file data_5.json (JSON, C-alpha atoms)
[["chain", "number", "residue", "atom", "x", "y", "z"],
["A", 223, "MET", "CA", -45.91, 128.56, 2.30],
["A", 224, "THR", "CA", -42.40, 129.17, 3.57],
["A", 225, "PRO", "CA", -39.33, 127.41, 2.12],
["A", 226, "LEU", "CA", -38.87, 125.71, 5.51],
["A", 227, "ALA", "CA", -42.38, 124.25, 5.45],
["A", 228, "LEU", "CA", -41.98, 123.10, 1.84],
["A", 229, "SER", "CA", -38.66, 121.45, 2.72],
["A", 230, "MET", "CA", -40.28, 119.59, 5.62],
["A", 231, "ILE", "CA", -43.13, 118.41, 3.38],
["A", 232, "ILE", "CA", -40.67, 117.05, 0.79],
["A", 233, "PHE", "CA", -38.53, 115.47, 3.51],
["A", 234, "ALA", "CA", -41.61, 113.80, 5.00],
["A", 235, "TYR", "CA", -42.57, 112.28, 1.65],
["A", 236, "LEU", "CA", -39.04, 110.99, 0.99],
["A", 237, "LEU", "CA", -38.75, 109.51, 4.48],
["A", 238, "GLY", "CA", -42.19, 107.93, 4.12],
["A", 239, "SER", "CA", -41.06, 106.41, 0.81],
["A", 240, "ILE", "CA", -38.58, 104.15, 2.60],
["A", 241, "SER", "CA", -40.47, 100.85, 2.85],
["A", 242, "SER", "CA", -39.68, 99.40, 6.27],
["A", 243, "ALA", "CA", -41.54, 96.18, 5.53],
["A", 244, "VAL", "CA", -39.63, 95.43, 2.35],
["A", 245, "LEU", "CA", -36.22, 96.31, 3.80],
["A", 246, "ILE", "CA", -36.73, 94.39, 7.06],
["A", 247, "CYS", "CA", -38.01, 91.34, 5.19],
["A", 248, "ARG", "CA", -34.93, 91.46, 2.96],
["A", 249, "LEU", "CA", -32.70, 91.80, 6.01],
["A", 250, "LEU", "CA", -34.35, 88.82, 7.71],
["A", 251, "ARG", "CA", -34.50, 86.84, 4.45],
["A", 252, "LEU", "CA", -38.28, 86.68, 4.52],
["A", 253, "PRO", "CA", -40.55, 86.69, 1.45],
["A", 254, "ASP", "CA", -41.31, 90.05, -0.13],
["A", 255, "PRO", "CA", -44.52, 91.29, 1.62],
["A", 256, "ARG", "CA", -45.67, 92.77, -1.69],
["A", 257, "THR", "CA", -45.96, 89.26, -3.16],
["A", 258, "GLN", "CA", -47.13, 87.29, -0.10],
["A", 259, "GLY", "CA", -50.20, 87.30, 2.15],
["A", 260, "SER", "CA", -52.29, 90.40, 1.55],
["A", 261, "HIS", "CA", -49.54, 91.86, -0.70],
["A", 262, "ASN", "CA", -49.50, 94.89, 1.58],
["A", 263, "PRO", "CA", -46.05, 96.04, 2.81],
["A", 264, "GLY", "CA", -47.14, 96.77, 6.36],
["A", 265, "ALA", "CA", -46.79, 95.37, 9.86],
["A", 266, "THR", "CA", -49.96, 93.25, 9.76],
["A", 267, "ASN", "CA", -48.88, 91.40, 6.63],
["A", 268, "VAL", "CA", -45.33, 90.97, 7.94],
["A", 269, "LEU", "CA", -46.89, 89.41, 11.07],
["A", 270, "ARG", "CA", -48.53, 86.82, 8.81],
["A", 271, "ILE", "CA", -45.37, 85.93, 6.91],
["A", 272, "GLY", "CA", -42.56, 86.63, 9.38],
["A", 273, "GLY", "CA", -43.86, 86.58, 12.94],
["A", 274, "LYS", "CA", -44.15, 89.02, 15.82],
["A", 275, "LYS", "CA", -40.55, 90.28, 16.02],
["A", 276, "ALA", "CA", -40.40, 91.21, 12.35],
["A", 277, "ALA", "CA", -43.84, 92.85, 12.56],
["A", 278, "ALA", "CA", -42.84, 94.84, 15.65],
["A", 279, "ALA", "CA", -39.74, 96.14, 13.88],
["A", 280, "VAL", "CA", -41.82, 97.21, 10.87],
["A", 281, "LEU", "CA", -44.42, 98.86, 13.11],
["A", 282, "LEU", "CA", -41.78, 100.89, 14.95],
["A", 283, "CYS", "CA", -40.01, 102.01, 11.78],
["A", 284, "ASP", "CA", -43.29, 102.94, 10.07],
["A", 285, "MET", "CA", -44.35, 104.99, 13.09],
["A", 286, "LEU", "CA", -41.01, 106.82, 13.14],
["A", 287, "LYS", "CA", -41.54, 107.81, 9.50],
["A", 288, "GLY", "CA", -44.49, 109.88, 10.71],
["A", 289, "THR", "CA", -43.09, 111.02, 14.06],
["A", 290, "ILE", "CA", -39.70, 112.35, 12.89],
["A", 291, "PRO", "CA", -40.88, 114.90, 10.28],
["A", 292, "VAL", "CA", -43.93, 116.02, 12.28],
["A", 293, "TRP", "CA", -41.90, 116.39, 15.46],
["A", 294, "GLY", "CA", -39.31, 118.34, 13.47],
["A", 295, "GLY", "CA", -41.99, 120.64, 12.08],
["A", 296, "TYR", "CA", -43.52, 121.04, 15.55],
["A", 297, "PHE", "CA", -40.08, 121.93, 16.96],
["A", 298, "LEU", "CA", -39.56, 124.46, 14.14],
["A", 299, "GLN", "CA", -42.97, 126.01, 14.98],
["A", 300, "ILE", "CA", -44.60, 125.37, 11.63],
["A", 301, "ASP", "CA", -48.31, 126.32, 11.51],
["A", 302, "SER", "CA", -50.76, 123.60, 12.49],
["A", 303, "TRP", "CA", -52.30, 123.19, 9.02],
["A", 304, "LEU", "CA", -48.84, 123.00, 7.43],
["A", 305, "LEU", "CA", -47.91, 120.43, 10.07],
["A", 306, "GLY", "CA", -50.92, 118.48, 8.85],
["A", 307, "LEU", "CA", -49.52, 118.60, 5.31],
["A", 308, "VAL", "CA", -46.22, 117.27, 6.63],
["A", 309, "ALA", "CA", -48.08, 114.34, 8.23],
["A", 310, "ILE", "CA", -50.09, 113.70, 5.05],
["A", 311, "SER", "CA", -46.88, 113.79, 2.97],
["A", 312, "ALA", "CA", -45.27, 111.18, 5.21],
["A", 313, "CYS", "CA", -48.32, 108.94, 4.78],
["A", 314, "LEU", "CA", -48.42, 109.53, 1.03],
["A", 315, "GLY", "CA", -44.78, 108.50, 0.89],
["A", 316, "HIS", "CA", -45.64, 105.29, 2.73],
["A", 317, "MET", "CA", -48.66, 104.61, 0.49],
["A", 318, "TYR", "CA", -46.97, 105.59, -2.79],
["A", 319, "PRO", "CA", -43.21, 105.23, -2.16],
["A", 320, "LEU", "CA", -40.94, 106.88, -4.69],
["A", 321, "PHE", "CA", -38.22, 104.27, -4.10],
["A", 322, "PHE", "CA", -40.48, 101.20, -4.41],
["A", 323, "HIS", "CA", -42.43, 101.76, -7.64],
["A", 324, "PHE", "CA", -45.20, 103.68, -5.80],
["A", 325, "LYS", "CA", -46.59, 100.44, -4.30],
["A", 326, "GLY", "CA", -46.85, 100.93, -0.55],
["A", 327, "GLY", "CA", -48.91, 100.21, 2.53],
["A", 328, "LYS", "CA", -52.07, 101.63, 4.07],
["A", 329, "GLY", "CA", -50.34, 104.28, 6.21],
["A", 330, "VAL", "CA", -51.94, 103.46, 9.57],
["A", 331, "ALA", "CA", -48.71, 103.11, 11.58],
["A", 332, "THR", "CA", -47.20, 106.17, 9.89],
["A", 333, "ALA", "CA", -50.33, 108.17, 10.69],
["A", 334, "LEU", "CA", -50.16, 107.03, 14.31],
["A", 335, "GLY", "CA", -46.56, 108.14, 14.47],
["A", 336, "ALA", "CA", -47.53, 111.50, 12.99],
["A", 337, "LEU", "CA", -50.16, 111.98, 15.70],
["A", 338, "ALA", "CA", -47.72, 111.22, 18.52],
["A", 339, "PRO", "CA", -46.15, 114.72, 18.72],
["A", 340, "ILE", "CA", -49.60, 116.24, 19.34],
["A", 341, "GLY", "CA", -49.69, 114.55, 22.73],
["A", 342, "LEU", "CA", -49.36, 111.28, 24.59],
["A", 343, "ASP", "CA", -53.02, 111.48, 25.65],
["A", 344, "LEU", "CA", -54.15, 111.50, 22.01],
["A", 345, "THR", "CA", -51.72, 108.72, 21.14],
["A", 346, "GLY", "CA", -52.97, 106.66, 24.07],
["A", 347, "LEU", "CA", -56.61, 107.05, 23.04],
["A", 348, "VAL", "CA", -55.82, 106.07, 19.45],
["A", 349, "ILE", "CA", -53.84, 102.98, 20.50],
["A", 350, "LEU", "CA", -56.51, 101.96, 23.02],
["A", 351, "THR", "CA", -59.23, 102.24, 20.38],
["A", 352, "TRP", "CA", -57.26, 100.16, 17.89],
["A", 353, "LEU", "CA", -56.45, 97.47, 20.45],
["A", 354, "THR", "CA", -60.05, 97.30, 21.67],
["A", 355, "ILE", "CA", -61.55, 96.85, 18.21],
["A", 356, "ALA", "CA", -58.80, 94.45, 17.10],
["A", 357, "THR", "CA", -59.24, 92.33, 20.23],
["A", 358, "LEU", "CA", -63.04, 92.23, 19.98],
["A", 359, "PHE", "CA", -63.34, 91.56, 16.26],
["A", 360, "ARG", "CA", -59.82, 90.40, 15.22],
["A", 361, "TYR", "CA", -59.85, 92.54, 12.07],
["A", 362, "SER", "CA", -56.83, 94.82, 11.77],
["A", 363, "SER", "CA", -58.46, 96.81, 8.98],
["A", 364, "LEU", "CA", -61.71, 97.33, 10.94],
["A", 365, "ALA", "CA", -59.68, 98.49, 13.94],
["A", 366, "ALA", "CA", -57.79, 100.95, 11.73],
["A", 367, "ILE", "CA", -60.96, 102.33, 10.12],
["A", 368, "VAL", "CA", -62.81, 102.82, 13.43],
["A", 369, "THR", "CA", -59.72, 104.40, 14.98],
["A", 370, "VAL", "CA", -59.18, 106.94, 12.21],
["A", 371, "LEU", "CA", -62.88, 107.85, 12.23],
["A", 372, "LEU", "CA", -62.64, 108.64, 15.94],
["A", 373, "ALA", "CA", -59.21, 110.32, 15.84],
["A", 374, "PRO", "CA", -60.51, 113.77, 14.73],
["A", 375, "PHE", "CA", -63.00, 113.73, 17.62],
["A", 376, "TYR", "CA", -60.24, 112.84, 20.08],
["A", 377, "THR", "CA", -58.10, 115.63, 18.63],
["A", 378, "TRP", "CA", -60.93, 118.14, 18.99],
["A", 379, "LEU", "CA", -61.22, 117.25, 22.67],
["A", 380, "ILE", "CA", -57.48, 117.52, 23.35],
["A", 381, "LYS", "CA", -55.96, 120.06, 20.92],
["A", 382, "PRO", "CA", -58.71, 121.44, 18.69],
["A", 383, "GLN", "CA", -56.32, 123.50, 16.51],
["A", 384, "TYR", "CA", -55.15, 120.23, 14.93],
["A", 385, "THR", "CA", -58.64, 118.85, 14.22],
["A", 386, "LEU", "CA", -58.74, 119.83, 10.52],
["A", 387, "PRO", "CA", -55.33, 118.43, 9.54],
["A", 388, "VAL", "CA", -55.99, 115.23, 11.51],
["A", 389, "ALA", "CA", -59.37, 114.87, 9.79],
["A", 390, "MET", "CA", -57.69, 115.29, 6.38],
["A", 391, "LEU", "CA", -55.13, 112.64, 7.29],
["A", 392, "CYS", "CA", -57.85, 110.26, 8.49],
["A", 393, "CYS", "CA", -59.86, 110.69, 5.27],
["A", 394, "LEU", "CA", -56.77, 109.65, 3.33],
["A", 395, "ILE", "CA", -56.41, 106.50, 5.46],
["A", 396, "VAL", "CA", -60.09, 105.56, 5.00],
["A", 397, "LEU", "CA", -59.85, 105.99, 1.22],
["A", 398, "ARG", "CA", -56.75, 103.76, 1.18],
["A", 399, "HIS", "CA", -58.79, 101.05, 2.92],
["A", 400, "HIS", "CA", -61.54, 100.91, 0.28],
["A", 401, "GLN", "CA", -60.68, 97.33, -0.68],
["A", 402, "ASN", "CA", -60.66, 96.25, 2.97],
["A", 403, "ILE", "CA", -64.07, 97.85, 3.47],
["A", 404, "ARG", "CA", -65.43, 95.90, 0.50],
["A", 405, "ARG", "CA", -63.97, 92.63, 1.83],
["A", 406, "LEU", "CA", -65.41, 93.30, 5.30],
["A", 407, "PHE", "CA", -68.88, 93.60, 3.81],
["A", 408, "GLU", "CA", -68.30, 90.46, 1.71],
["A", 409, "GLY", "CA", -66.99, 88.52, 4.71],
["A", 410, "THR", "CA", -63.67, 87.72, 2.99],
["A", 411, "GLU", "CA", -61.36, 89.99, 4.98],
["A", 412, "PRO", "CA", -58.64, 87.95, 6.77],
["A", 413, "LYS", "CA", -58.45, 88.25, 10.53],
["A", 414, "VAL", "CA", -55.31, 89.06, 12.50],
["A", 415, "GLY", "CA", -52.87, 86.16, 12.24],
["A", 416, "GLU", "CA", -54.90, 84.55, 9.46],
["A", 417, "LYS", "CA", -53.69, 84.12, 5.90],
["A", 418, "LYS", "CA", -55.57, 85.93, 3.17],
["A", 419, "ARG", "CA", -58.22, 83.81, 1.51],
["A", 420, "ALA", "CA", -57.89, 83.01, -2.15]]
call {"tool": "encode", "arguments": {"input": "data_5.json", "output": "structure tokens"}}
result
Amino acid sequence: MTPLALSMIIFAYLLGSISSAVLICRLLRLPDPRTQGSHNPGATNVLRIGGKKAAAAVLLCDMLKGTIPVWGGYFLQIDSWLLGLVAISACLGHMYPLFFHFKGGKGVATALGALAPIGLDLTGLVILTWLTIATLFRYSSLAAIVTVLLAPFYTWLIKPQYTLPVAMLCCLIVLRHHQNIRRLFEGTEPKVGEKKRA
């Protein structure tokens, strides 16, 4: 591993560690998303407690946390598998943020942002899949899980050299959703726009 690649991996983790949800909620004087709703500092929970504009701002910032380091690594011609590590580091920063006591979100938006530099066609397929599942079933977590399970297949069709790192990233996202998966089976998972059940 080159010093440049290692620097990009560290930068990705540090950038991912900036919690957009917490900072935007503080800026807008909203409740801390880590103590309200699903207790998850992500766009879906901010939608529940702060509305669409706040959620959209969080979504954009979380995506940029993945796009900026991966695009930088892509521009610097880092190998595809190392680029995958950069993406994973950004998501790990979001999930376990150094600056916020290692209590972060699920990493879906950051992962989507990390996929964006691979191509607009891949990004479009991922977004379309998420929107379709979310619209049909109204479960944000289910939409995320189905999307990340299909993302490696989409990548293989479009740019197969990135299939392995994308698959690694998607496995990380699925593991982070283990509680959501349990609640989906139990029928207690809150739907989009719905407060979490006690």
call {"tool": "residues_around", "arguments": {"input": "data_5.json", "residues": "range 252-267 of chain A", "least_positions_apart": "3", "cutoff": "8 Å", "atoms": "only C-alpha atoms", "output": "JSON, numbers by chain"}}
result
{"A": [241, 242, 243, 244, 247, 248, 249, 270, 271, 272, 277, 278, 280, 281, 326, 327, 328, 362, 414, 417, 418]}
call {"tool": "closest_atom_pairs", "arguments": {"input": "data_5.json", "of": "range 280-398 of chain A", "to": "range 229-240 of chain A", "cutoff": "9 Å", "atoms": "all atoms listed in the file", "output": "CSV"}}
result
residue,atom,partner,partner_atom,distance
A:Asp284,CA,A:Gly238,CA,7.8
A:Lys287,CA,A:Gly238,CA,5.4
A:Gly288,CA,A:Gly238,CA,7.2
A:Ile290,CA,A:Ala234,CA,8.2
A:Pro291,CA,A:Ala234,CA,5.4
A:Val292,CA,A:Ala234,CA,8.0
A:Gly294,CA,A:Met230,CA,8.0
A:Gly295,CA,A:Met230,CA,6.8
A:Leu304,CA,A:Ile231,CA,8.4
A:Leu305,CA,A:Ile231,CA,8.5
A:Leu307,CA,A:Ile231,CA,6.7
A:Val308,CA,A:Ile231,CA,4.6
A:Ala309,CA,A:Ala234,CA,7.3
A:Ile310,CA,A:Tyr235,CA,8.4
A:Ser311,CA,A:Tyr235,CA,4.8
A:Ala312,CA,A:Ala234,CA,4.5
A:Cys313,CA,A:Gly238,CA,6.2
A:Leu314,CA,A:Tyr235,CA,6.5
A:Gly315,CA,A:Gly238,CA,4.2
A:His316,CA,A:Gly238,CA,4.6
A:Met317,CA,A:Ser239,CA,7.8
A:Tyr318,CA,A:Ser239,CA,7.0
A:Pro319,CA,A:Ser239,CA,3.9
A:Leu320,CA,A:Ser239,CA,5.5
A:Phe321,CA,A:Ser239,CA,6.1
A:Phe322,CA,A:Ser239,CA,7.4
A:Phe324,CA,A:Ser239,CA,8.3
A:Gly326,CA,A:Ser239,CA,8.1
A:Thr332,CA,A:Gly238,CA,7.8
call {"tool": "atom_distance", "arguments": {"input": "data_5.json", "atom1": "CA of Lys413 in chain A", "atom2": "CA of Leu286 in chain A"}}
result
25.6 Å
call {"tool": "closest_residue", "arguments": {"input": "data_5.json", "among": "A:Leu298, A:Ala336, A:Ala227, A:Ala366", "to": "Val388 in chain A", "atoms": "all atoms listed in the file"}}
result
A:Ala336
call {"tool": "closest_atom_pairs", "arguments": {"input": "data_5.json", "of": "range 362-409 of chain A", "to": "range 344-358 of chain A", "cutoff": "8 Å", "atoms": "all atoms listed in the file", "output": "tab-separated table"}}
result
residue	atom	partner	partner_atom	distance
A:Ser362	CA	A:Ala356	CA	5.7
A:Leu364	CA	A:Ile355	CA	7.3
A:Ala365	CA	A:Trp352	CA	4.9
A:Ala366	CA	A:Trp352	CA	6.2
A:Val368	CA	A:Trp352	CA	7.6
A:Thr369	CA	A:Trp352	CA	5.7
A:Ala373	CA	A:Val348	CA	6.5
A:Tyr376	CA	A:Leu344	CA	6.5
A:Thr377	CA	A:Leu344	CA	6.6
A:Ile380	CA	A:Leu344	CA	7.0
call {"tool": "closest_atom_pairs", "arguments": {"input": "data_5.json", "of": "range 299-383 of chain A", "to": "range 401-410 of chain A", "cutoff": "9 Å", "atoms": "only C-alpha atoms", "output": "JSON lines"}}
result
{"residue": "A:Tyr361", "atom": "CA", "partner": "A:Leu406", "partner_atom": "CA", "distance": 8.8}
{"residue": "A:Ser363", "atom": "CA", "partner": "A:Asn402", "partner_atom": "CA", "distance": 6.4}
{"residue": "A:Leu364", "atom": "CA", "partner": "A:Ile403", "partner_atom": "CA", "distance": 7.9}
{"residue": "A:Ile367", "atom": "CA", "partner": "A:Ile403", "partner_atom": "CA", "distance": 8.6}
call {"tool": "residues_around", "arguments": {"input": "data_5.json", "residues": "range 391-394 of chain A", "least_positions_apart": "4", "cutoff": "7 Å", "atoms": "all atoms listed in the file", "output": "MDAnalysis selection string"}}
result
chainID A and resid 310 370:371 387 398
call {"tool": "residues_around", "arguments": {"input": "data_5.json", "residues": "Met285 in chain A", "least_positions_apart": "5", "cutoff": "7 Å", "atoms": "all atoms listed in the file", "output": "VMD selection string"}}
result
chain A and resid 331 to 332 334 to 335
call {"tool": "closest_residue", "arguments": {"input": "data_5.json", "among": "A:Val330, A:Pro382, A:Lys325, A:Thr224", "to": "Leu282 in chain A", "atoms": "all atoms listed in the file"}}
result
A:Val330
call {"tool": "closest_residue", "arguments": {"input": "data_5.json", "among": "A:Leu342, A:Leu386, A:Val268, A:Ala333", "to": "Leu250 in chain A", "atoms": "all atoms listed in the file"}}
result
A:Val268
